[in-house]
Structure formats: structure tokens, C-alpha cells
Amino acid sequence: MSDYVIPAPQVHVIPTEGGKEFPVRRVYCIGRNFAAHAVEMGHDPDREPPFFFQKNPNNLDASGEFPYPPHSSDVHHEVELLVGLKSGGTNIPLSEALDHVWGYGVSLDMTRRDLQGQMKKMGRPWEIGKAFERSGPVGSLRPVSAVGHPDQGRVALLVNGELRQEGDLNQMIWKVPEMISYLSEYFELAAGDVIMAGTPSGVNAVVAGDVMEATIEGVGTLNVKVV
Ligand code: MN
């Protein structure tokens, strides 16, 4: 028996292809990783150093439903490649970075854009706009043995069948190995860490009743209903 003074929080898991679960330790999200999205958010698309924010592990949600969150009237979709790590470390060289990847999936970085905008204006952290309950809808992670290391392929997001976001993995400013290597210089990465790899342009608002269909060529499709 454990000796905790309160009930221990559960390990949060997301599904994988094949039925076993992937335990999530940390969630790193990169900002402005597609030039066209940086431009639409009012920023210079030049290759400045990458920056990351975090969601909470239990924000990831594979239920297929996204409950419209409170305190916002401008909740945006961001379709992103999800990278799941099977191991980690510090100061990981670029040449070894992909050795730490267990698999890939499709995810949505749902964003309370109005709250994020207020925080940006005040120079405050983004958590209130990014790390809220069920803010990370995800599909099943697929192992590298099934999908390889996808570095090109169409990324698209449809809402109610209408195309909203479109890009290609080959347009990512910071590639997956670069993100892993960079993060490992600042944090100790470990098995269970996931990276949301940034979104192409076309981010926009959803309302209750909308159905989002996120697709990444070669990785999969994720359908999520806003409830
Ligand atoms: Mn994002």
C-alpha cells in the first residue's frame, strides 16, 4: 500500500494504434512554426529561435468531443502533428533526436484566442489561453514502425466539411529533430513527453455543434465535435 496523504493522481494516457496506451509525462507545444501562420498572427516569419509553451498532460483528450470552454468567445482550432517520445535526455544531438520518438499522431491545439491575446498584450504567460481542460484533442499515436518519421505530407483542417487550414509538414520552420534537440538543451526530456509541432495558417473560431476534421497525410485523421 502506498503512503500518500491524498489520493495519488492517475497517470494520464492517450491511445495508440494497436490498443495499448501511451502514458503522458509532459506536453510541449511550439509557437509559430509555419511562416504563413506567423504572418497571420502579426509576426515576422524569419527563423528566429523557436519558443515553446506547455499544456498539461491531462489536457490531452481522445474522446472525440471538445467541450466549448468558459470565459472565451473566440476559441480557435490549430491542427498539429503530435510527436510522442519513448526516451529522452539532455543535450540530445540532432543526429540522434529521432531515435527518441515512439510515434506520431494528429492533434488539435485548441486556443482561447481572446484570452491569449490579452495575456500577450500584458506580457503575461499563455496558460489561460492554452492549457485549459480538454484543450488538446488527440487521435491515436501510431508507432514509427507503421508511419516512419513523416517530414512531408498535407496537413488540413475542415470544419463542417469546409477547408479552414492547409499546409504541408515540409513547411515546418523547425523540424522534429531540431525541436527535440533544442528542447533537450533547456529541459530534461523523458519517455512520455509529447510535442505538438505547430500549425499552418487558417486558424479560426469554432462554435458548439461544429465538427472538426483534422488530417495529416501519412499519419491519420481526427474527428472532433464541439459540444
Ligand atoms: Mn499551436
# chains A, B, ... in the order shown; residues from 1 in each chain; ligands from 1
call {"tool": "residues_around", "arguments": {"residues": "Pro93 of chain A", "least_positions_apart": "3", "cutoff": "10 Å", "atoms": "only C-alpha atoms", "output": "list in words"}}
result
Thr90, Glu96, Ala97, Leu98, Pro177, Glu178, Ile180, Ser181, Tyr182, Ser184 and Glu185 of chain A
call {"tool": "write_last_selection", "arguments": {"atoms": "C-alpha atoms", "output": "JSON list (two decimals), in the first residue's frame"}}
result
[["chain", "number", "residue", "atom", "x", "y", "z"],
["A", 90, "THR", "CA", 19.61, 16.35, -22.15],
["A", 96, "GLU", "CA", 20.18, 11.09, -32.51],
["A", 97, "ALA", "CA", 16.97, 13.03, -31.93],
["A", 98, "LEU", "CA", 14.65, 10.80, -33.94],
["A", 177, "PRO", "CA", 14.72, 16.53, -34.73],
["A", 178, "GLU", "CA", 15.50, 20.22, -34.25],
["A", 180, "ILE", "CA", 13.77, 17.60, -29.75],
["A", 181, "SER", "CA", 17.40, 18.67, -29.72],
["A", 182, "TYR", "CA", 16.56, 22.28, -28.80],
["A", 184, "SER", "CA", 16.70, 18.91, -24.58],
["A", 185, "GLU", "CA", 19.14, 21.78, -24.13]]
call {"tool": "residues_around", "arguments": {"residues": "Gly220 of chain A", "least_positions_apart": "4", "cutoff": "7 Å", "atoms": "only C-alpha atoms", "output": "PDB file with N, CA and C atoms, in the first residue's frame"}}
result
ATOM      1  N   GLY A 105       1.023  11.264 -34.150  1.00  0.00           N
ATOM      2  CA  GLY A 105      -0.429  11.313 -34.230  1.00  0.00           C
ATOM      3  C   GLY A 105      -0.901  12.667 -34.724  1.00  0.00           C
ATOM      4  N   VAL A 106      -2.227  12.814 -34.743  1.00  0.00           N
ATOM      5  CA  VAL A 106      -2.862  14.068 -35.134  1.00  0.00           C
ATOM      6  C   VAL A 106      -3.448  14.698 -33.870  1.00  0.00           C
ATOM      7  N   THR A 215      -6.577  16.283 -40.613  1.00  0.00           N
ATOM      8  CA  THR A 215      -5.902  15.221 -41.351  1.00  0.00           C
ATOM      9  C   THR A 215      -4.434  15.553 -41.534  1.00  0.00           C
ATOM     10  N   ILE A 216      -3.588  14.580 -41.295  1.00  0.00           N
ATOM     11  CA  ILE A 216      -2.185  14.705 -41.668  1.00  0.00           C
ATOM     12  C   ILE A 216      -1.849  13.495 -42.528  1.00  0.00           C
TER      13      ILE A 216
END
call {"tool": "residues_near_ligand", "arguments": {"ligand": "ligand 1", "cutoff": "8 Å", "atoms": "only C-alpha atoms and all ligand atoms", "output": "PDB file with all heavy atoms, in the first residue's frame"}}
result
ATOM      1  N   CYS A  29       4.561  22.507 -26.639  1.00  0.00           N
ATOM      2  CA  CYS A  29       3.942  22.995 -27.866  1.00  0.00           C
ATOM      3  C   CYS A  29       4.814  24.110 -28.426  1.00  0.00           C
ATOM      4  O   CYS A  29       5.187  25.034 -27.689  1.00  0.00           O
ATOM      5  CB  CYS A  29       2.549  23.564 -27.600  1.00  0.00           C
ATOM      6  SG  CYS A  29       1.462  22.499 -26.633  1.00  0.00           S
ATOM      7  N   ILE A  30       5.106  24.031 -29.715  1.00  0.00           N
ATOM      8  CA  ILE A  30       5.906  25.097 -30.329  1.00  0.00           C
ATOM      9  C   ILE A  30       4.974  26.180 -30.874  1.00  0.00           C
ATOM     10  O   ILE A  30       3.876  25.882 -31.351  1.00  0.00           O
ATOM     11  CB  ILE A  30       6.835  24.536 -31.438  1.00  0.00           C
ATOM     12  CG1 ILE A  30       7.846  25.608 -31.879  1.00  0.00           C
ATOM     13  CG2 ILE A  30       6.041  23.999 -32.623  1.00  0.00           C
ATOM     14  CD1 ILE A  30       8.968  25.065 -32.758  1.00  0.00           C
ATOM     15  N   GLY A  31       5.410  27.423 -30.780  1.00  0.00           N
ATOM     16  CA  GLY A  31       4.653  28.534 -31.354  1.00  0.00           C
ATOM     17  C   GLY A  31       5.180  28.891 -32.728  1.00  0.00           C
ATOM     18  O   GLY A  31       6.365  28.694 -33.018  1.00  0.00           O
ATOM     19  N   ARG A  32       4.307  29.395 -33.596  1.00  0.00           N
ATOM     20  CA  ARG A  32       4.699  29.987 -34.896  1.00  0.00           C
ATOM     21  C   ARG A  32       5.693  29.134 -35.660  1.00  0.00           C
ATOM     22  O   ARG A  32       6.770  29.611 -36.017  1.00  0.00           O
ATOM     23  CB  ARG A  32       5.299  31.376 -34.666  1.00  0.00           C
ATOM     24  CG  ARG A  32       4.311  32.376 -34.123  1.00  0.00           C
ATOM     25  CD  ARG A  32       4.996  33.686 -33.732  1.00  0.00           C
ATOM     26  NE  ARG A  32       4.276  34.309 -32.619  1.00  0.00           N
ATOM     27  CZ  ARG A  32       4.856  35.059 -31.688  1.00  0.00           C
ATOM     28  NH1 ARG A  32       6.143  35.321 -31.735  1.00  0.00           N
ATOM     29  NH2 ARG A  32       4.131  35.575 -30.716  1.00  0.00           N
ATOM     30  N   GLU A  78      -6.228  24.652 -34.026  1.00  0.00           N
ATOM     31  CA  GLU A  78      -4.886  24.600 -34.618  1.00  0.00           C
ATOM     32  C   GLU A  78      -4.540  23.123 -34.816  1.00  0.00           C
ATOM     33  O   GLU A  78      -4.295  22.408 -33.849  1.00  0.00           O
ATOM     34  CB  GLU A  78      -3.830  25.255 -33.699  1.00  0.00           C
ATOM     35  CG  GLU A  78      -4.084  26.739 -33.409  1.00  0.00           C
ATOM     36  CD  GLU A  78      -2.937  27.412 -32.659  1.00  0.00           C
ATOM     37  OE1 GLU A  78      -1.973  26.698 -32.280  1.00  0.00           O
ATOM     38  OE2 GLU A  78      -3.025  28.631 -32.449  1.00  0.00           O
ATOM     39  N   VAL A  79      -4.518  22.679 -36.062  1.00  0.00           N
ATOM     40  CA  VAL A  79      -4.177  21.284 -36.324  1.00  0.00           C
ATOM     41  C   VAL A  79      -2.657  21.120 -36.258  1.00  0.00           C
ATOM     42  O   VAL A  79      -1.915  21.932 -36.812  1.00  0.00           O
ATOM     43  CB  VAL A  79      -4.723  20.807 -37.693  1.00  0.00           C
ATOM     44  CG1 VAL A  79      -4.276  21.719 -38.834  1.00  0.00           C
ATOM     45  CG2 VAL A  79      -4.306  19.368 -37.977  1.00  0.00           C
ATOM     46  N   GLU A  80      -2.195  20.075 -35.560  1.00  0.00           N
ATOM     47  CA  GLU A  80      -0.753  19.907 -35.362  1.00  0.00           C
ATOM     48  C   GLU A  80      -0.344  18.428 -35.340  1.00  0.00           C
ATOM     49  O   GLU A  80      -1.079  17.579 -34.830  1.00  0.00           O
ATOM     50  CB  GLU A  80      -0.326  20.547 -34.016  1.00  0.00           C
ATOM     51  CG  GLU A  80      -0.910  21.948 -33.856  1.00  0.00           C
ATOM     52  CD  GLU A  80      -0.124  22.873 -32.967  1.00  0.00           C
ATOM     53  OE1 GLU A  80       0.901  22.447 -32.411  1.00  0.00           O
ATOM     54  OE2 GLU A  80      -0.568  24.034 -32.833  1.00  0.00           O
ATOM     55  N   LEU A 108      -5.011  18.619 -31.935  1.00  0.00           N
ATOM     56  CA  LEU A 108      -5.525  19.981 -32.069  1.00  0.00           C
ATOM     57  C   LEU A 108      -5.068  20.783 -30.845  1.00  0.00           C
ATOM     58  O   LEU A 108      -5.296  20.359 -29.708  1.00  0.00           O
ATOM     59  CB  LEU A 108      -7.055  19.985 -32.148  1.00  0.00           C
ATOM     60  CG  LEU A 108      -7.655  19.376 -33.421  1.00  0.00           C
ATOM     61  CD1 LEU A 108      -9.153  19.154 -33.252  1.00  0.00           C
ATOM     62  CD2 LEU A 108      -7.403  20.289 -34.611  1.00  0.00           C
ATOM     63  N   ASP A 109      -4.415  21.906 -31.113  1.00  0.00           N
ATOM     64  CA  ASP A 109      -4.026  22.835 -30.041  1.00  0.00           C
ATOM     65  C   ASP A 109      -5.145  23.876 -29.948  1.00  0.00           C
ATOM     66  O   ASP A 109      -5.063  24.935 -30.554  1.00  0.00           O
ATOM     67  CB  ASP A 109      -2.667  23.461 -30.388  1.00  0.00           C
ATOM     68  CG  ASP A 109      -2.303  24.640 -29.499  1.00  0.00           C
ATOM     69  OD1 ASP A 109      -2.934  24.807 -28.434  1.00  0.00           O
ATOM     70  OD2 ASP A 109      -1.381  25.388 -29.879  1.00  0.00           O
ATOM     71  N   MET A 110      -6.199  23.518 -29.198  1.00  0.00           N
ATOM     72  CA  MET A 110      -7.341  24.445 -29.078  1.00  0.00           C
ATOM     73  C   MET A 110      -6.931  25.626 -28.196  1.00  0.00           C
ATOM     74  O   MET A 110      -6.251  25.457 -27.180  1.00  0.00           O
ATOM     75  CB  MET A 110      -8.560  23.718 -28.513  1.00  0.00           C
ATOM     76  CG  MET A 110      -9.056  22.551 -29.395  1.00  0.00           C
ATOM     77  SD  MET A 110      -9.450  22.996 -31.095  1.00  0.00           S
ATOM     78  CE  MET A 110     -10.873  24.071 -30.864  1.00  0.00           C
ATOM     79  N   THR A 111      -7.344  26.801 -28.606  1.00  0.00           N
ATOM     80  CA  THR A 111      -6.806  28.043 -28.039  1.00  0.00           C
ATOM     81  C   THR A 111      -7.912  29.049 -27.753  1.00  0.00           C
ATOM     82  O   THR A 111      -8.698  29.365 -28.656  1.00  0.00           O
ATOM     83  CB  THR A 111      -5.803  28.662 -29.048  1.00  0.00           C
ATOM     84  OG1 THR A 111      -4.770  27.714 -29.323  1.00  0.00           O
ATOM     85  CG2 THR A 111      -5.199  29.941 -28.485  1.00  0.00           C
ATOM     86  N   MET A 196       3.705  19.038 -29.567  1.00  0.00           N
ATOM     87  CA  MET A 196       2.756  19.463 -30.590  1.00  0.00           C
ATOM     88  C   MET A 196       3.512  20.413 -31.499  1.00  0.00           C
ATOM     89  O   MET A 196       4.047  21.430 -31.051  1.00  0.00           O
ATOM     90  CB  MET A 196       1.526  20.099 -29.946  1.00  0.00           C
ATOM     91  CG  MET A 196       0.755  19.063 -29.105  1.00  0.00           C
ATOM     92  SD  MET A 196      -0.617  19.738 -28.133  1.00  0.00           S
ATOM     93  CE  MET A 196      -1.828  19.997 -29.415  1.00  0.00           C
ATOM     94  N   ALA A 197       3.574  20.062 -32.798  1.00  0.00           N
ATOM     95  CA  ALA A 197       4.631  20.561 -33.684  1.00  0.00           C
ATOM     96  C   ALA A 197       4.290  21.827 -34.451  1.00  0.00           C
ATOM     97  O   ALA A 197       5.000  22.196 -35.371  1.00  0.00           O
ATOM     98  CB  ALA A 197       5.045  19.451 -34.648  1.00  0.00           C
ATOM     99  N   GLY A 198       3.209  22.509 -34.084  1.00  0.00           N
ATOM    100  CA  GLY A 198       2.894  23.782 -34.714  1.00  0.00           C
ATOM    101  C   GLY A 198       1.862  23.650 -35.819  1.00  0.00           C
ATOM    102  O   GLY A 198       1.655  22.569 -36.373  1.00  0.00           O
ATOM    103  N   THR A 199       1.219  24.790 -36.121  1.00  0.00           N
ATOM    104  CA  THR A 199       0.055  24.744 -37.006  1.00  0.00           C
ATOM    105  C   THR A 199       0.245  25.601 -38.243  1.00  0.00           C
ATOM    106  O   THR A 199       0.893  26.656 -38.180  1.00  0.00           O
ATOM    107  CB  THR A 199      -1.210  25.197 -36.235  1.00  0.00           C
ATOM    108  OG1 THR A 199      -2.379  24.756 -36.909  1.00  0.00           O
ATOM    109  CG2 THR A 199      -1.260  26.730 -36.076  1.00  0.00           C
TER     110      THR A 199
END
call {"tool": "atom_distance", "arguments": {"atom1": "atom CA of Leu81 of chain A", "atom2": "atom CA of Ile195 of chain A"}}
result
8.1 Å
call {"tool": "atom_distance", "arguments": {"atom1": "atom CA of Pro150 of chain A", "atom2": "atom CA of Trp174 of chain A"}}
result
13.7 Å
call {"tool": "atom_distance", "arguments": {"atom1": "atom CA of Pro57 of chain A", "atom2": "atom CA of Glu217 of chain A"}}
result
25.3 Å
call {"tool": "residues_around", "arguments": {"residues": "Met172 of chain A", "least_positions_apart": "2", "cutoff": "10 Å", "atoms": "only C-alpha atoms", "output": "PyMOL selection string"}}
result
chain A and resi 32-35+151-152+167-170+174-176+197-200
